[in-house]
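Novice: Quick one: structure below, then a few questions.
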Number of protein chains: 2
Amino acid sequence: MTLRGGIDLGGTKIQAVMVDEAGEVLGSARHPTPTAGGPPDVAAAIVAAAREAAEQAGTETAALAGVGVGSPGDVDSRAGTVTSARNLPGWTATFPLAEVLGEELGTSVALGNDVDVATVAEMELGAGRTYSSLLGVFWGTGVGGGVVIDRKLWRGRASAGEIGHMVVKVGGARCPCGRRGCMEAYAGRGAMEARARKKVRNGASDELFRIMEKRGRPRLTSGVFARALERHDPLATDLIDRAIEALGAGIASAVNLLDVEAVIIGGGLGTRLGQSYADRIAQSMLPHLFSDSRPPAVLVAELGDLGGAIGAALLVKSRARRRRALAAT
Amino acid sequence: MTLRGGIDLGGTKIQAVMVDEAGEVLGSARHPTPTAGGPPDVAAAIVAAAREAAEQAGTETAALAGVGVGSPGDVDSRAGTVTSARNLPGWTATFPLAEVLGEELGTSVALGNDVDVATVAEMELGAGRTYSSLLGVFWGTGVGGGVVIDRKLWRGRASAGEIGHMVVKVGGARCPCGRRGCMEAYAGRGAMEARARKKVRNGASDELFRIMEKRGRPRLTSGVFARALERHDPLATDLIDRAIEALGAGIASAVNLLDVEAVIIGGGLGTRLGQSYADRIAQSMLPHLFSDSRPPAVLVAELGDLGGAIGAALLVKSRARRRRALAAT
């Protein structure tokens, strides 16, 4: 049985998995993303994570059908390159990631956009299995999105799915992207952390940061938010309420435009906070839904933390399918 | 040569056209929409307009390949019914429009959503001919939208395209739909007129209403707005500036989600104000576009006032095609 490798390349962690034909995970490894250096250092960390996951699955990377990588930044899957990945160290220029990884791993490497592969994973194997149209909403450091129409990922001219940068308030809060009033300016964990720091400087409770330090985290991770919410910290509660209000308006806007059957909430915060918060998002969509008598299903991503890596492994599958399709013509 | 009839059923006017196989208009008639009575009165006015247009084209309705009707409200094209068409008199229940018209006109009648048929008309015969993905934005009494993906109209579960009810300002202005902060609350001519009346009561210049009365209009039509803008009326200028700001944010949000190749601006205001205002909308999208180095084309609808009726006639064509397709199986 030939396994496929999948890598989810994130700003804080590199998640590697080895999956079989059915998408079952037989090995996995998680390494921190280097915070200094440049693309070659990130590539080396990916190689280490892939080797560890392969070993755990009782194989080696050269024996894999291939490795798929879901990457942030501007991914050119044909050229096998990644350009200007903001959240990765020193990654402004174009780097031939597929080629570099392929040489080290001894197998072919396919690249895809991180959010796209996570969306496809949920459609194929996760919460979106039974729907023909859906929105994937990845609520984490930023807010990413994937659009599935007739069971196909819609990428537009290359960059469809930027749901986090839908405008929910003209002239509103400054977004990490530099624009104003984007959904991510209210709901992204990055923007929420910046606001939390400001609020604490102005005298708000510093519970969030005390939990962060106690856990030895450099940032307000999803786990830190979850703990503070359990403790009814007013600042965490206020930030999450504000995020949910923005998510409700932005996702409802997308549903008004596309009338999809389902919305899948993933990402660090989405999977960590779970279905009760997805239900709150559904509730906060209602006042804005044009067809409010028939809202879409709002579900938490089923593949959780591993969704991105499993989806990346599916890139290998589709490449093999393409080869079979080409061979058949 | 067999002609097809097309009817654009609007809140203020009923536009009928007769077109040949190439979509060329050979006859047309425009009647006011009844402002009192109920669905049978509206149906009678449609019949009168269709007969006049057919006569102008040198034929009679019974000799047509069929008649298509683009209707507001909740259109069930299979059942041939229209339910709760807000802008038409006494039209709250379900009315069998296709059957009633078919009996009077002596030919088969197909129904479609008014905005959908106008979008398809622009894709097939108008400004969208060369694009594979586009958004139709119909800027009139309300703001309607149509989504084309891979040259197919995307209807979602039935009601995709409600671009006017995308939220551009959480907690913002009250929309005629009853919700808050919708794009239409700022950009719809209905909402603009309500705001104009309030502003005039509070002492603003009444130029808009003086033009309206001079032209014998009951409402602030697109022509009234165009004239007031030519005269640099500050109230009209302010209302249109505000509309363009909302259109820029809302359309940019849709483009961030879908990354379409083109945006086609139609509707009463869109076609009346023309390309220079479409250019202003494009400009007002820029600060919100995630891929701002590669904005979509923003073009005025080419079929103008007749687009809805021509698109409705295409409903007949596609039905004939369906019949051919069924016959071939």
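Residue numbers start at 1 in each chain; chains themselves are named A, B, ... in the order of the structure tokens; ligands are numbered from 1 in the order shown.
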Pick out the residues sitting within 6 Å of region 69-73 of chain A, and hand them over as a PyMOL selection string; count only C-alpha atoms, and ignore anything fewer than 3 positions along from it in its own chain.
Specialist: chain A and resi 6-9+83-85+111-114+312
Novice: Could you list, as number ranges by chain, the residues of chain B having an atom within 8 Å of chain A when counting only C-alpha atoms?
Specialist: B: 133, 145, 147, 154-163, 165-170, 179-180, 246, 249-250, 252-261, 287-288, 290-291
Novice: Hey, can you check how far CA of Trp139 (chain B) sits from CA of Gly270 (chain B)?
Specialist: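 Calculated distance between CA of Trp139 (chain B) and CA of Gly270 (chain B) is 5.3 Å.
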Novice: If you count only C-alpha atoms, which residues fall within 10 Å of Asn87 (chain A), apart from same-chain ones fewer than 6 positions away, as JSON, numbers by chain?
Specialist: {"A": [10, 11, 12, 33, 35, 72, 73, 141]}
Novice: What is the distance, in Å and to one decimal place, between CA of Ala62 (chain A) and CA of Val42 (chain A)?
Specialist: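 Interatomic distance here is 19.8 Å.
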Novice: DSSP on the backbone, then: every residue of region 123-184 of chain A marked helix (DSSP H, G or I), written as a VMD selection string.
Specialist: chain A and resid 123 to 125 163 to 165 184
Novice: Restricting it to C-alpha atoms, dump the selection as a PDB file, in the first residue's frame.
Specialist:
ATOM      1  CA  MET A 123     -15.572  18.623   1.451  1.00  0.00           C
ATOM      2  CA  GLU A 124     -14.070  15.218   0.631  1.00  0.00           C
ATOM      3  CA  LEU A 125     -13.604  13.694   4.063  1.00  0.00           C
ATOM      4  CA  ILE A 163     -13.725  36.059   3.054  1.00  0.00           C
ATOM      5  CA  GLY A 164     -11.698  37.652   5.875  1.00  0.00           C
ATOM      6  CA  HIS A 165     -11.358  40.780   3.772  1.00  0.00           C
ATOM      7  CA  GLU A 184     -10.563  39.940   9.933  1.00  0.00           C
TER       8      GLU A 184
END
Novice: So what do you get for CA of Gly188 (chain A) versus CA of Arg280 (chain A), distance-wise?
Specialist: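 Separation between CA of Gly188 (chain A) and CA of Arg280 (chain A): 16.6 Å.
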Novice: Pick out the closest residue to Ala49 (chain B) from this set: B:Ala63, B:Met183, B:Val19, B:Ile14. Count only C-alpha atoms.
Specialist: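 Comparing B:Ala63, B:Met183, B:Val19, B:Ile14 against Ala49 (chain B), the winner is B:Ile14.
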Novice: At a cut-off of 10 Å, using only C-alpha atoms, what residues contact Ala79 (chain A)? Leave out same-chain residues fewer than 5 positions from it and give the result as a list in words.
Specialist: Pro96, Leu97, Ala98, Glu99, Ala110 and Leu111 of chain A
Novice: Which residues are close to Leu220 (chain A), i.e. within 9 Å by only C-alpha atoms, leaving aside same-chain residues fewer than 2 positions away? Reply as a PDB file with N, CA and C atoms, in the first residue's frame.
Specialist:
ATOM      1  N   ARG A 189      -7.404  36.414  15.049  1.00  0.00           N
ATOM      2  CA  ARG A 189      -6.741  36.336  16.347  1.00  0.00           C
ATOM      3  C   ARG A 189      -5.610  37.356  16.441  1.00  0.00           C
ATOM      4  N   GLY A 190      -4.969  37.632  15.312  1.00  0.00           N
ATOM      5  CA  GLY A 190      -3.908  38.646  15.282  1.00  0.00           C
ATOM      6  C   GLY A 190      -4.448  40.010  15.675  1.00  0.00           C
ATOM      7  N   MET A 192      -7.239  40.585  17.223  1.00  0.00           N
ATOM      8  CA  MET A 192      -7.782  40.515  18.582  1.00  0.00           C
ATOM      9  C   MET A 192      -6.663  40.670  19.616  1.00  0.00           C
ATOM     10  N   GLU A 193      -5.498  40.064  19.326  1.00  0.00           N
ATOM     11  CA  GLU A 193      -4.387  40.185  20.276  1.00  0.00           C
ATOM     12  C   GLU A 193      -3.890  41.629  20.359  1.00  0.00           C
ATOM     13  N   LEU A 208      -5.909  37.187  30.118  1.00  0.00           N
ATOM     14  CA  LEU A 208      -5.474  36.526  28.884  1.00  0.00           C
ATOM     15  C   LEU A 208      -3.950  36.380  28.856  1.00  0.00           C
ATOM     16  N   PHE A 209      -3.247  37.432  29.212  1.00  0.00           N
ATOM     17  CA  PHE A 209      -1.784  37.399  29.122  1.00  0.00           C
ATOM     18  C   PHE A 209      -1.175  36.581  30.253  1.00  0.00           C
ATOM     19  N   ILE A 211      -2.614  33.845  31.459  1.00  0.00           N
ATOM     20  CA  ILE A 211      -2.759  32.452  30.986  1.00  0.00           C
ATOM     21  C   ILE A 211      -1.685  32.147  29.952  1.00  0.00           C
ATOM     22  N   MET A 212      -1.445  33.091  29.060  1.00  0.00           N
ATOM     23  CA  MET A 212      -0.449  32.919  28.004  1.00  0.00           C
ATOM     24  C   MET A 212       0.926  32.631  28.615  1.00  0.00           C
ATOM     25  N   ARG A 217       3.420  30.448  26.251  1.00  0.00           N
ATOM     26  CA  ARG A 217       3.131  30.757  24.846  1.00  0.00           C
ATOM     27  C   ARG A 217       3.614  32.167  24.524  1.00  0.00           C
ATOM     28  N   PRO A 218       4.064  32.388  23.276  1.00  0.00           N
ATOM     29  CA  PRO A 218       4.463  33.750  22.903  1.00  0.00           C
ATOM     30  C   PRO A 218       3.271  34.588  22.436  1.00  0.00           C
ATOM     31  N   SER A 222      -5.318  29.949  20.472  1.00  0.00           N
ATOM     32  CA  SER A 222      -6.729  29.565  20.612  1.00  0.00           C
ATOM     33  C   SER A 222      -6.970  28.936  21.978  1.00  0.00           C
ATOM     34  N   GLY A 223      -5.983  28.139  22.452  1.00  0.00           N
ATOM     35  CA  GLY A 223      -6.114  27.510  23.763  1.00  0.00           C
ATOM     36  C   GLY A 223      -6.179  28.550  24.876  1.00  0.00           C
ATOM     37  N   VAL A 224      -5.387  29.606  24.737  1.00  0.00           N
ATOM     38  CA  VAL A 224      -5.401  30.685  25.739  1.00  0.00           C
ATOM     39  C   VAL A 224      -6.773  31.354  25.758  1.00  0.00           C
ATOM     40  N   PHE A 225      -7.314  31.644  24.569  1.00  0.00           N
ATOM     41  CA  PHE A 225      -8.651  32.250  24.509  1.00  0.00           C
ATOM     42  C   PHE A 225      -9.694  31.317  25.144  1.00  0.00           C
TER      43      PHE A 225
END
Novice: Give me the residues near Ile281 (chain A) as a list in words, where near means some atom within 8 Å (using only C-alpha atoms) and where sequence neighbours in that chain fewer than 2 positions away do not count.
Specialist: Ile244, Glu245, Leu247, Gly248, Tyr277, Ala278, Asp279, Gln283, Ser284, Met285 and Val298 of chain A
Novice: Mind listing the strand (DSSP E or B) residues of region 153-268 of chain B, per DSSP on the backbone, as a list in words?
Specialist: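 DSSP on the backbone gives strand (DSSP E or B) at Leu153, Trp154, Val167, Lys169, Arg174, Arg180, Cys182, Ala262, Val263, Ile264, Ile265 and Gly266 of chain B.
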